[in-house]
file query-v4.csv (CSV, C-alpha atoms)
chain,number,residue,atom,x,y,z
A,99,MET,CA,-70.8,79.3,11.4
A,100,THR,CA,-73.7,81.2,12.8
A,101,ILE,CA,-76.7,79.8,14.8
A,102,SER,CA,-79.4,81.7,16.6
A,103,VAL,CA,-79.1,83.1,20.1
A,104,LYS,CA,-81.8,80.8,21.3
A,105,GLU,CA,-80.0,77.7,20.2
A,106,VAL,CA,-76.7,78.9,21.8
A,107,CYS,CA,-78.5,79.5,25.0
A,108,GLU,CA,-80.0,76.0,24.9
A,109,LEU,CA,-76.6,74.4,24.3
A,110,ALA,CA,-74.9,76.5,27.1
A,111,LEU,CA,-77.6,75.8,29.6
A,112,GLU,CA,-77.6,72.1,28.8
A,113,THR,CA,-73.8,72.0,29.4
A,114,GLY,CA,-74.2,73.9,32.7
A,115,ARG,CA,-76.9,71.6,33.8
A,116,ILE,CA,-74.9,68.4,33.2
A,117,MET,CA,-71.9,70.0,34.9
A,118,LEU,CA,-73.7,71.1,38.0
A,119,GLN,CA,-75.9,68.0,38.5
A,120,ASN,CA,-72.9,65.7,38.5
A,121,GLY,CA,-70.7,67.6,40.9
A,122,GLY,CA,-68.7,70.2,38.9
A,123,THR,CA,-67.5,73.5,40.5
A,124,THR,CA,-69.5,76.6,39.6
A,125,ASN,CA,-66.4,78.4,38.4
A,126,ARG,CA,-65.7,75.7,35.8
A,127,CYS,CA,-69.3,75.7,34.9
A,128,GLU,CA,-69.3,79.4,34.1
A,129,LYS,CA,-66.1,79.1,32.1
A,130,MET,CA,-67.6,76.2,30.0
A,131,MET,CA,-70.8,78.1,29.2
A,132,THR,CA,-68.7,81.1,28.1
A,133,THR,CA,-66.6,78.8,25.9
A,134,VAL,CA,-69.7,77.3,24.3
A,135,CYS,CA,-71.1,80.7,23.5
A,136,ALA,CA,-67.7,82.0,22.2
A,137,ALA,CA,-67.3,78.9,19.9
A,138,TYR,CA,-70.4,79.9,18.1
A,139,GLY,CA,-69.4,83.6,17.7
A,140,TYR,CA,-71.1,85.2,20.7
A,141,GLN,CA,-68.2,86.7,22.5
A,142,ARG,CA,-70.1,88.7,25.1
A,143,THR,CA,-71.9,86.6,27.7
A,144,GLU,CA,-72.5,87.0,31.4
A,145,SER,CA,-73.3,84.0,33.6
A,146,PHE,CA,-74.1,83.6,37.3
A,147,VAL,CA,-74.1,80.1,38.6
A,148,THR,CA,-75.2,78.8,42.0
A,149,PRO,CA,-75.4,75.1,43.0
A,150,THR,CA,-79.2,75.3,42.5
A,151,GLY,CA,-79.6,77.4,39.4
A,152,ILE,CA,-78.0,79.0,36.3
A,153,PHE,CA,-78.6,82.6,35.1
A,154,LEU,CA,-77.2,83.2,31.6
A,155,THR,CA,-77.3,86.3,29.4
A,156,VAL,CA,-76.0,86.3,25.8
A,157,LEU,CA,-75.6,89.5,23.8
A,158,ASP,CA,-75.7,89.4,20.1
A,159,LYS,CA,-74.0,91.8,17.6
A,160,ASP,CA,-76.7,94.4,18.0
A,161,ASN,CA,-76.5,94.4,21.8
A,162,ASN,CA,-79.8,92.6,22.1
A,163,ALA,CA,-79.7,90.6,25.4
A,164,THR,CA,-81.2,87.2,25.8
A,165,THR,CA,-81.5,85.9,29.3
A,166,GLN,CA,-82.5,82.5,30.5
A,167,ILE,CA,-82.7,80.9,33.9
A,168,LYS,CA,-82.4,77.2,34.6
A,169,ARG,CA,-83.3,75.5,37.9
A,170,ILE,CA,-81.0,72.6,38.9
A,171,GLU,CA,-82.5,69.7,40.7
A,172,GLY,CA,-81.3,66.3,41.8
A,173,ARG,CA,-77.6,66.6,42.4
A,174,ARG,CA,-75.4,63.5,42.7
A,175,ILE,CA,-71.7,62.5,42.3
A,176,ASP,CA,-70.9,61.4,38.8
A,177,LEU,CA,-67.3,62.4,38.0
A,178,GLY,CA,-67.3,60.3,34.8
A,179,LYS,CA,-69.8,62.7,33.2
A,180,VAL,CA,-67.9,65.7,34.4
A,181,SER,CA,-64.7,64.6,32.8
A,182,LYS,CA,-66.3,63.5,29.6
A,183,LEU,CA,-68.1,66.8,29.2
A,184,SER,CA,-64.9,68.6,30.0
A,185,SER,CA,-63.0,67.0,27.2
A,186,ILE,CA,-65.8,67.7,24.8
A,187,ILE,CA,-65.8,71.4,25.6
A,188,ILE,CA,-62.0,71.5,25.3
A,189,GLU,CA,-62.3,70.0,21.8
A,190,LEU,CA,-65.0,72.6,21.0
A,191,LYS,CA,-62.4,75.4,21.3
A,192,ASN,CA,-60.6,74.4,18.2
A,193,CYS,CA,-63.6,73.3,16.1
A,194,GLY,CA,-64.1,75.4,13.0
A,195,LYS,CA,-60.4,76.0,12.8
A,196,LYS,CA,-58.2,73.9,10.6
A,197,GLY,CA,-58.5,70.1,11.1
A,198,GLY,CA,-61.3,70.5,13.7
A,199,GLU,CA,-64.4,68.5,13.2
A,200,SER,CA,-67.7,70.3,12.5
A,201,CYS,CA,-69.8,71.3,15.4
A,202,ASP,CA,-73.3,72.5,14.4
A,203,TYR,CA,-76.2,72.6,16.8
A,204,ARG,CA,-77.4,69.1,16.2
A,205,HIS,CA,-73.9,67.6,16.4
A,206,LEU,CA,-73.2,69.1,19.8
A,207,MET,CA,-76.7,68.4,21.2
A,208,ALA,CA,-76.3,64.8,20.3
A,209,LYS,CA,-72.9,64.7,22.0
A,210,LEU,CA,-74.5,66.3,25.2
A,211,LYS,CA,-77.3,63.7,25.1
A,212,GLU,CA,-74.6,61.0,24.9
A,213,VAL,CA,-72.8,62.4,27.9
A,214,ASP,CA,-76.1,62.6,29.8
A,215,SER,CA,-76.6,58.9,29.4
A,216,TYR,CA,-72.9,58.0,29.8
A,217,ASN,CA,-72.6,55.0,32.1
A,218,PRO,CA,-69.4,53.0,31.5
A,219,TRP,CA,-69.8,50.4,34.3
A,220,SER,CA,-72.7,48.1,34.8
A,221,GLU,CA,-74.5,48.2,38.2
A,222,TRP,CA,-73.0,44.9,39.4
A,223,VAL,CA,-69.5,46.2,38.9
A,224,LYS,CA,-70.3,49.3,40.8
A,225,LEU,CA,-71.8,47.3,43.7
A,226,PHE,CA,-68.7,45.1,43.8
A,227,PHE,CA,-66.4,48.1,44.0
A,228,GLY,CA,-68.6,49.9,46.4
A,229,GLY,CA,-68.2,47.0,48.8
A,230,MET,CA,-64.4,47.1,48.2
A,231,THR,CA,-64.4,50.8,49.3
A,232,SER,CA,-65.9,50.1,52.7
A,233,GLY,CA,-64.0,46.9,53.2
A,234,CYS,CA,-60.6,48.5,52.5
A,235,PHE,CA,-61.4,51.5,54.7
A,236,CYS,CA,-62.1,48.9,57.5
A,237,LEU,CA,-58.7,47.4,56.9
A,238,LEU,CA,-57.1,50.9,56.8
A,239,PHE,CA,-58.4,51.8,60.2
A,240,GLY,CA,-57.0,48.5,61.6
A,241,GLY,CA,-59.6,45.8,61.0
A,242,SER,CA,-59.0,42.1,60.7
A,243,TRP,CA,-59.8,39.9,57.7
A,244,ALA,CA,-63.1,38.8,59.2
A,245,GLU,CA,-64.0,42.4,59.7
A,246,PHE,CA,-63.0,43.1,56.1
A,247,ALA,CA,-65.5,40.5,54.9
A,248,VAL,CA,-68.3,41.9,57.1
A,249,ALA,CA,-67.6,45.4,56.0
A,250,TYR,CA,-67.6,44.3,52.4
A,251,ALA,CA,-71.1,42.8,52.8
A,252,VAL,CA,-72.2,45.9,54.7
A,253,GLY,CA,-70.9,48.1,51.8
A,254,ILE,CA,-72.8,46.1,49.2
A,255,LEU,CA,-76.0,46.0,51.2
A,256,VAL,CA,-75.9,49.7,51.9
A,257,SER,CA,-75.2,50.5,48.2
A,258,ILE,CA,-78.2,48.4,47.2
A,259,SER,CA,-80.5,50.0,49.7
A,260,MET,CA,-79.3,53.6,49.0
A,261,ARG,CA,-80.1,52.9,45.3
A,262,LEU,CA,-83.6,51.8,46.4
A,263,ILE,CA,-84.1,54.9,48.7
A,264,VAL,CA,-83.1,57.2,45.9
A,265,LEU,CA,-86.1,55.9,43.9
A,266,LEU,CA,-88.4,57.3,46.6
A,267,GLN,CA,-86.9,60.8,45.8
A,268,VAL,CA,-86.1,61.7,49.4
A,269,ASN,CA,-83.9,64.7,50.0
A,270,ASN,CA,-80.1,64.5,50.4
A,271,PHE,CA,-80.1,65.0,54.2
A,272,LEU,CA,-82.6,62.2,54.9
A,273,LEU,CA,-80.8,60.0,52.4
A,274,HIS,CA,-77.5,60.3,54.3
A,275,ALA,CA,-79.2,59.8,57.7
A,276,LEU,CA,-81.0,56.7,56.5
A,277,GLY,CA,-77.8,55.4,54.9
A,278,ALA,CA,-75.8,55.8,58.1
A,279,ALA,CA,-78.6,54.2,60.1
A,280,LEU,CA,-78.6,51.2,57.7
A,281,VAL,CA,-74.8,50.8,58.0
A,282,VAL,CA,-75.3,50.3,61.8
A,283,VAL,CA,-78.3,48.0,61.3
A,284,PHE,CA,-76.5,45.7,58.8
A,285,ALA,CA,-73.3,45.7,60.9
A,286,LYS,CA,-75.3,44.7,64.0
A,287,ILE,CA,-77.2,42.0,62.2
A,288,LEU,CA,-74.1,40.5,60.7
A,289,ASP,CA,-72.4,40.8,64.1
A,290,THR,CA,-74.9,38.3,65.6
A,291,TRP,CA,-73.8,35.7,63.0
A,292,VAL,CA,-70.0,36.2,62.8
A,293,PRO,CA,-68.1,35.7,66.0
A,294,GLY,CA,-65.1,37.7,67.3
A,295,ILE,CA,-65.4,40.9,65.4
A,296,LYS,CA,-65.4,44.5,66.6
A,297,LEU,CA,-68.0,46.8,65.1
A,298,ASP,CA,-66.2,50.1,65.2
A,299,ASN,CA,-64.0,49.6,62.2
A,300,ILE,CA,-66.9,48.1,60.2
A,301,ILE,CA,-69.2,51.0,60.9
A,302,ILE,CA,-66.5,53.5,60.1
A,303,GLY,CA,-65.9,51.7,56.8
A,304,GLY,CA,-69.5,52.0,56.0
A,305,ILE,CA,-69.6,55.6,57.0
A,306,MET,CA,-66.7,56.5,54.7
A,307,LEU,CA,-69.0,55.6,51.7
A,308,LEU,CA,-71.2,58.5,52.8
A,309,VAL,CA,-68.8,61.3,53.9
A,310,PRO,CA,-69.3,64.5,52.0
A,311,GLY,CA,-65.8,64.8,50.5
A,312,LEU,CA,-67.2,66.3,47.3
A,313,ALA,CA,-69.1,69.1,49.1
A,314,ILE,CA,-66.0,70.0,51.2
A,315,THR,CA,-63.7,70.1,48.1
A,316,ASN,CA,-66.2,72.1,46.0
A,317,ALA,CA,-67.0,74.5,48.8
A,318,ILE,CA,-63.3,75.5,49.2
A,319,ARG,CA,-62.6,75.6,45.5
A,320,ASP,CA,-65.7,77.8,44.9
A,321,THR,CA,-64.8,80.1,47.7
A,322,MET,CA,-61.2,80.5,46.5
A,323,SER,CA,-62.4,81.3,42.9
A,324,GLY,CA,-64.6,84.1,44.3
A,325,ASP,CA,-68.0,82.4,44.1
A,326,LEU,CA,-68.9,83.2,47.7
A,327,VAL,CA,-72.6,82.3,47.4
A,328,SER,CA,-72.0,78.8,46.1
A,329,GLY,CA,-69.0,78.3,48.4
A,330,THR,CA,-71.1,79.1,51.5
A,331,ALA,CA,-74.0,77.0,50.2
A,332,ARG,CA,-71.8,74.0,49.7
A,333,GLY,CA,-70.0,74.5,53.0
A,334,VAL,CA,-73.4,74.4,54.8
A,335,GLU,CA,-74.3,71.3,52.8
A,336,ALA,CA,-71.2,69.5,53.9
A,337,PHE,CA,-71.8,70.4,57.5
A,338,LEU,CA,-75.5,69.4,57.4
A,339,LEU,CA,-74.6,66.1,55.7
A,340,SER,CA,-72.0,65.3,58.5
A,341,VAL,CA,-74.7,66.1,61.1
A,342,ALA,CA,-77.1,63.8,59.2
A,343,ILE,CA,-74.6,60.9,59.2
A,344,ALA,CA,-73.8,61.3,62.9
A,345,ALA,CA,-77.5,61.6,63.8
A,346,GLY,CA,-78.5,58.6,61.7
A,347,SER,CA,-75.8,56.3,63.0
A,348,GLY,CA,-76.0,57.6,66.6
A,349,SER,CA,-79.8,57.2,66.9
A,350,MET,CA,-79.7,53.7,65.4
A,351,LEU,CA,-76.9,52.7,67.9
A,352,LYS,CA,-79.0,54.0,70.7
A,353,ILE,CA,-82.2,52.3,69.5
A,354,TRP,CA,-80.3,49.0,69.1
A,355,ALA,CA,-78.9,49.3,72.6
A,356,LEU,CA,-82.4,50.0,74.0
A,357,VAL,CA,-83.9,47.0,72.2
A,358,GLY,CA,-81.4,44.9,74.0
A,359,TYR,CA,-78.7,43.4,71.9
B,1236,MET,CA,-44.7,51.7,63.1
B,1237,ARG,CA,-41.7,53.1,61.3
B,1238,PRO,CA,-42.1,54.8,57.9
B,1239,PHE,CA,-41.3,53.0,54.7
B,1240,ASP,CA,-41.7,49.5,56.1
B,1241,SER,CA,-44.1,46.8,54.9
B,1242,LEU,CA,-46.9,48.1,57.1
B,1243,THR,CA,-46.9,51.5,55.4
B,1244,LEU,CA,-46.9,49.7,52.0
B,1245,MET,CA,-49.9,47.7,53.1
B,1246,GLN,CA,-51.7,50.8,54.3
B,1247,PHE,CA,-50.9,52.4,50.9
B,1248,THR,CA,-52.5,49.3,49.2
B,1249,TRP,CA,-55.7,49.5,51.3
B,1250,ALA,CA,-56.1,53.3,50.5
B,1251,PHE,CA,-55.3,52.6,46.9
B,1252,LEU,CA,-58.0,49.9,46.6
B,1253,SER,CA,-60.6,51.9,48.4
B,1254,ILE,CA,-60.1,54.9,46.2
B,1255,LEU,CA,-60.2,52.5,43.2
B,1256,GLY,CA,-63.6,51.5,44.4
B,1257,PHE,CA,-64.7,55.1,45.0
B,1258,SER,CA,-63.7,56.3,41.6
B,1259,ILE,CA,-65.4,53.4,39.8
B,1260,ARG,CA,-68.5,54.0,41.9
B,1261,SER,CA,-68.5,57.6,40.6
B,1262,ASN,CA,-68.2,56.4,37.0
B,1263,LEU,CA,-64.6,57.3,36.1
B,1264,LYS,CA,-63.1,55.1,33.4
B,1265,GLY,CA,-59.7,54.4,31.9
B,1266,SER,CA,-56.2,55.3,33.2
B,1267,LYS,CA,-57.8,58.2,35.2
B,1268,VAL,CA,-59.0,55.5,37.7
B,1269,PHE,CA,-55.4,54.4,38.2
B,1270,PHE,CA,-54.0,57.9,38.8
B,1271,THR,CA,-56.8,58.9,41.2
B,1272,SER,CA,-56.1,55.7,43.2
B,1273,VAL,CA,-52.4,56.3,43.3
B,1274,GLY,CA,-53.2,59.8,44.6
B,1275,GLY,CA,-55.5,58.4,47.3
B,1276,GLY,CA,-52.9,55.9,48.4
B,1277,LEU,CA,-50.2,58.7,48.5
B,1278,ALA,CA,-52.5,60.8,50.6
B,1279,TRP,CA,-52.8,58.2,53.3
B,1280,ALA,CA,-49.1,57.0,53.1
B,1281,LEU,CA,-47.8,60.6,53.3
B,1282,TYR,CA,-50.1,61.2,56.3
B,1283,LEU,CA,-48.7,58.2,58.1
B,1284,ILE,CA,-45.1,59.1,57.3
B,1285,SER,CA,-45.3,62.7,58.4
B,1286,LEU,CA,-47.3,61.6,61.5
B,1287,TYR,CA,-44.2,59.5,62.4
B,1288,TYR,CA,-41.8,62.5,62.0
B,1289,THR,CA,-43.9,65.4,63.3
B,1290,LYS,CA,-46.1,63.6,65.9
B,1291,SER,CA,-48.9,66.1,65.0
B,1292,PRO,CA,-52.0,64.9,63.3
B,1293,LEU,CA,-53.0,68.4,62.0
B,1294,LEU,CA,-49.7,69.2,60.5
B,1295,SER,CA,-49.5,65.7,58.9
B,1296,VAL,CA,-53.0,66.2,57.3
B,1297,PHE,CA,-51.9,69.6,56.1
B,1298,ILE,CA,-48.7,68.4,54.5
B,1299,SER,CA,-50.4,65.4,52.9
B,1300,THR,CA,-53.2,67.6,51.6
B,1301,ILE,CA,-50.8,70.1,50.1
B,1302,ILE,CA,-48.8,67.4,48.3
B,1303,VAL,CA,-51.7,65.4,46.9
B,1304,CYS,CA,-53.5,68.5,45.8
B,1305,SER,CA,-50.4,69.6,43.9
B,1306,TYR,CA,-50.2,66.1,42.4
B,1307,SER,CA,-53.8,66.6,41.2
B,1308,GLU,CA,-53.1,70.0,39.8
B,1309,VAL,CA,-50.2,68.5,37.8
B,1310,VAL,CA,-51.9,65.3,36.6
B,1311,ALA,CA,-55.5,66.5,35.9
B,1312,PRO,CA,-54.7,68.7,32.9
B,1313,ARG,CA,-53.0,65.8,31.2
B,1314,PHE,CA,-56.4,64.0,31.1
B,1315,LYS,CA,-58.4,67.1,30.1
B,1316,VAL,CA,-60.5,66.8,33.2
B,1317,PRO,CA,-61.3,69.5,35.9
B,1318,VAL,CA,-58.8,69.5,38.8
B,1319,SER,CA,-61.7,69.1,41.2
B,1320,VAL,CA,-62.4,65.6,39.9
B,1321,PHE,CA,-59.0,64.5,41.0
B,1322,VAL,CA,-59.0,66.4,44.3
B,1323,ILE,CA,-62.4,64.9,45.3
B,1324,CYS,CA,-61.1,61.4,44.9
B,1325,VAL,CA,-57.7,61.8,46.5
B,1326,ILE,CA,-58.9,63.6,49.6
B,1327,ILE,CA,-61.3,60.9,50.7
B,1328,PRO,CA,-58.9,58.9,52.9
B,1329,LEU,CA,-58.1,62.0,55.0
B,1330,VAL,CA,-61.8,63.0,55.6
B,1331,PRO,CA,-62.4,62.4,59.3
B,1332,GLY,CA,-65.2,59.8,59.1
B,1333,SER,CA,-63.8,57.9,62.1
B,1334,GLY,CA,-63.6,61.0,64.3
B,1335,LEU,CA,-67.3,61.7,63.5
B,1336,TYR,CA,-68.2,58.1,64.6
B,1337,TYR,CA,-66.1,58.1,67.8
B,1338,SER,CA,-67.4,61.4,68.9
B,1339,MET,CA,-71.0,60.2,68.4
B,1340,ARG,CA,-70.3,57.0,70.3
B,1341,ALA,CA,-68.6,58.9,73.2
B,1342,TYR,CA,-71.7,61.1,73.4
B,1343,LEU,CA,-74.0,58.0,73.5
B,1344,ASN,CA,-71.9,56.7,76.4
B,1345,HIS,CA,-72.5,59.9,78.4
B,1346,ASP,CA,-68.8,60.8,78.0
B,1347,LEU,CA,-69.2,64.5,77.2
B,1348,MET,CA,-65.5,65.3,77.5
B,1349,GLY,CA,-64.4,62.6,75.1
B,1350,ALA,CA,-67.2,63.6,72.7
B,1351,SER,CA,-66.2,67.3,72.6
B,1352,GLU,CA,-62.5,66.4,72.3
B,1353,LYS,CA,-63.2,64.1,69.3
B,1354,LEU,CA,-65.6,66.6,67.8
B,1355,LEU,CA,-63.1,69.4,68.0
B,1356,GLU,CA,-60.4,67.1,66.5
B,1357,THR,CA,-62.8,66.2,63.6
B,1358,LEU,CA,-63.7,69.8,62.9
B,1359,MET,CA,-60.0,70.9,63.0
B,1360,ILE,CA,-59.0,68.1,60.6
B,1361,ALA,CA,-61.8,69.1,58.2
B,1362,GLY,CA,-60.7,72.8,58.5
B,1363,THR,CA,-57.0,71.8,57.9
B,1364,ILE,CA,-58.0,69.9,54.7
B,1365,ALA,CA,-60.0,73.0,53.6
B,1366,ILE,CA,-57.0,75.2,54.2
B,1367,GLY,CA,-54.7,72.9,52.3
B,1368,ILE,CA,-57.0,72.8,49.3
B,1369,ALA,CA,-57.4,76.6,49.4
B,1370,VAL,CA,-53.6,77.2,49.5
B,1371,VAL,CA,-52.9,74.9,46.6
B,1372,SER,CA,-55.7,76.3,44.4
B,1373,SER,CA,-54.8,79.9,45.1
B,1374,VAL,CA,-51.1,79.3,44.5
B,1375,THR,CA,-51.9,77.5,41.2
B,1376,ASN,CA,-54.1,80.4,40.1
B,1377,LEU,CA,-51.2,82.7,40.8
B,1378,ILE,CA,-48.7,80.6,38.9
B,1379,HIS,CA,-51.0,80.4,35.9
B,1380,ARG,CA,-51.5,84.2,35.9
B,1381,VAL,CA,-47.7,84.8,36.1
B,1382,ILE,CA,-47.1,82.3,33.2
B,1383,ASN,CA,-49.8,84.0,31.1
B,1384,ARG,CA,-48.4,87.5,31.8
B,1385,PHE,CA,-44.8,86.7,30.7

call {"tool": "encode", "arguments": {"input": "query-v4.csv", "output": "structure tokens"}}
result
Amino acid sequence: MTISVKEVCELALETGRIMLQNGGTTNRCEKMMTTVCAAYGYQRTESFVTPTGIFLTVLDKDNNATTQIKRIEGRRIDLGKVSKLSSIIIELKNCGKKGGESCDYRHLMAKLKEVDSYNPWSEWVKLFFGGMTSGCFCLLFGGSWAEFAVAYAVGILVSISMRLIVLLQVNNFLLHALGAALVVVFAKILDTWVPGIKLDNIIIGGIMLLVPGLAITNAIRDTMSGDLVSGTARGVEAFLLSVAIAAGSGSMLKIWALVGY
Amino acid sequence: MRPFDSLTLMQFTWAFLSILGFSIRSNLKGSKVFFTSVGGGLAWALYLISLYYTKSPLLSVFISTIIVCSYSEVVAPRFKVPVSVFVICVIIPLVPGSGLYYSMRAYLNHDLMGASEKLLETLMIAGTIAIGIAVVSSVTNLIHRVINRF
């Protein structure tokens, strides 16, 4: 099975793009691109991946190098796509051998397109479970059942409004600051209707929807696998997102106190 | 509270349910969802149990992180997913979101001592989680290398 260098580059870059945009580590991304190239007979590849871009060089049999660069924009958390892509690439290792299914260019490209639009749960189910996350975190930090109900409503409202804010294509920092501010706003508004609740646990439950757990984890795992550039970048991202969350919720608490509730 | 009583079980359930919500929000499907949720519940329950025995929040976070990261390293290859997918989900209950909020609120109340105390605690817990993840991933790399060599 031989396909041209150009097509191999395209497949590998598409794999890397899906992996990075949805929250994979750079080390795994490099390994996957190497696997894709090796599966089509191009054993010698060099790749350099940062959270915002991919550099890929593929050498063919006559040592002619083909290099392509891909800019990555719009990162978000979508672990379902990462795991689906990962199992496809693992299957790719034993294609062409006995019993493996065929994997020409079109076949794999169709599979990658399928992964790109993979969305197993409808939006309503996700909203329902988003509310459950913040509600249960409220209980976890010692809230009562009334506080659970309020935190549940806050979680759903924040998920809806974050979905709307994303449509405006604001950057990640502003998105988290606005999200944290909205948590405080919704909690304070609901507080005026529901008697006898403490706001602390509700706001913490809402904030736990936004904390940069992915950035912390990926920063450490990248640093430990030797990718110092992306490790540092993700560490700074995690720190800045925490600052954004604190600044958003803090300034909204202060504004609310000044207005007089 | 004492370890292994009904309160710990309830806390396990809340952590389980919240990680269930988190993993469905991030599009996971199938039995992976169940296993990430169990990991998240374990993370919080182990934190509480070791907090009872050691009386030290940092050591408890460290122990809990080490155990749940090892759990992810063992379980994730069974589902053919990257280990980081599991680690991201199970680590969420330990991430110090509450410390961030309390330090912010103390700062707003002009309580600078309280704010810096909470902020330091938050940073140290985040650092401890980082060290835990780092230790487990390095040791796993080492084990894989030794297994491949022999």

call {"tool": "closest_atom_pairs", "arguments": {"input": "query-v4.csv", "of": "chain A", "to": "chain B", "cutoff": "8 Å", "atoms": "all atoms listed in the file", "output": "Markdown table"}}
result
| residue | atom | partner | partner_atom | distance |
| --- | --- | --- | --- | --- |
| A:Gly122 | CA | B:Ser1319 | CA | 7.4 |
| A:Thr123 | CA | B:Ser1319 | CA | 7.3 |
| A:Arg126 | CA | B:Pro1317 | CA | 7.6 |
| A:Ile175 | CA | B:Ser1261 | CA | 6.1 |
| A:Asp176 | CA | B:Ser1261 | CA | 4.8 |
| A:Leu177 | CA | B:Ser1261 | CA | 5.6 |
| A:Gly178 | CA | B:Leu1263 | CA | 4.2 |
| A:Lys179 | CA | B:Asn1262 | CA | 7.5 |
| A:Val180 | CA | B:Val1316 | CA | 7.6 |
| A:Ser181 | CA | B:Val1316 | CA | 4.8 |
| A:Lys182 | CA | B:Val1316 | CA | 7.6 |
| A:Ser184 | CA | B:Val1316 | CA | 5.7 |
| A:Ser185 | CA | B:Lys1315 | CA | 5.4 |
| A:Ile188 | CA | B:Lys1315 | CA | 7.4 |
| A:Asn217 | CA | B:Asn1262 | CA | 6.7 |
| A:Pro218 | CA | B:Asn1262 | CA | 6.6 |
| A:Trp219 | CA | B:Asn1262 | CA | 6.8 |
| A:Lys224 | CA | B:Arg1260 | CA | 5.2 |
| A:Leu225 | CA | B:Arg1260 | CA | 7.7 |
| A:Phe227 | CA | B:Gly1256 | CA | 4.4 |
| A:Gly228 | CA | B:Gly1256 | CA | 5.6 |
| A:Gly229 | CA | B:Gly1256 | CA | 7.8 |
| A:Met230 | CA | B:Gly1256 | CA | 5.9 |
| A:Thr231 | CA | B:Ser1253 | CA | 4.1 |
| A:Ser232 | CA | B:Ser1253 | CA | 7.1 |
| A:Gly233 | CA | B:Ser1253 | CA | 7.7 |
| A:Cys234 | CA | B:Trp1249 | CA | 5.1 |
| A:Phe235 | CA | B:Ser1253 | CA | 6.4 |
| A:Leu237 | CA | B:Trp1249 | CA | 6.7 |
| A:Leu238 | CA | B:Trp1249 | CA | 5.8 |
| A:Ile302 | CA | B:Ser1333 | CA | 5.5 |
| A:Ile305 | CA | B:Gly1332 | CA | 6.4 |
| A:Met306 | CA | B:Gly1332 | CA | 5.7 |
| A:Leu307 | CA | B:Phe1257 | CA | 8.0 |
| A:Val309 | CA | B:Gly1332 | CA | 6.5 |
| A:Gly311 | CA | B:Ile1327 | CA | 6.0 |
| A:Leu312 | CA | B:Ile1323 | CA | 5.4 |
| A:Ile314 | CA | B:Ala1365 | CA | 7.1 |
| A:Thr315 | CA | B:Ile1323 | CA | 6.0 |
| A:Asn316 | CA | B:Ser1319 | CA | 7.2 |
| A:Ile318 | CA | B:Ala1369 | CA | 6.0 |
| A:Arg319 | CA | B:Ala1369 | CA | 6.6 |
| A:Met322 | CA | B:Ala1369 | CA | 6.2 |
| A:Ser340 | CA | B:Leu1335 | CA | 7.7 |
| A:Ala344 | CA | B:Met1339 | CA | 6.3 |
| A:Ser347 | CA | B:Tyr1336 | CA | 8.0 |
| A:Gly348 | CA | B:Met1339 | CA | 5.9 |
| A:Lys352 | CA | B:Leu1343 | CA | 7.0 |

call {"tool": "closest_residue", "arguments": {"input": "query-v4.csv", "among": "B:Leu1355, B:Leu1281, B:Leu1244, B:Ile1378", "to": "Ile1301 of chain B", "atoms": "only C-alpha atoms"}}
result
B:Leu1281

call {"tool": "residues_around", "arguments": {"input": "query-v4.csv", "residues": "Asn299 of chain A", "least_positions_apart": "6", "cutoff": "7 Å", "atoms": "only C-alpha atoms", "output": "list in words"}}
result
Cys236, Phe239 and Gly241 of chain A

call {"tool": "atom_distance", "arguments": {"input": "query-v4.csv", "atom1": "atom CA of Thr150 of chain A", "atom2": "atom CA of Thr1375 of chain B"}}
result
27.4 Å

call {"tool": "atom_distance", "arguments": {"input": "query-v4.csv", "atom1": "atom CA of Gly294 of chain A", "atom2": "atom CA of Phe246 of chain A"}}
result
12.6 Å
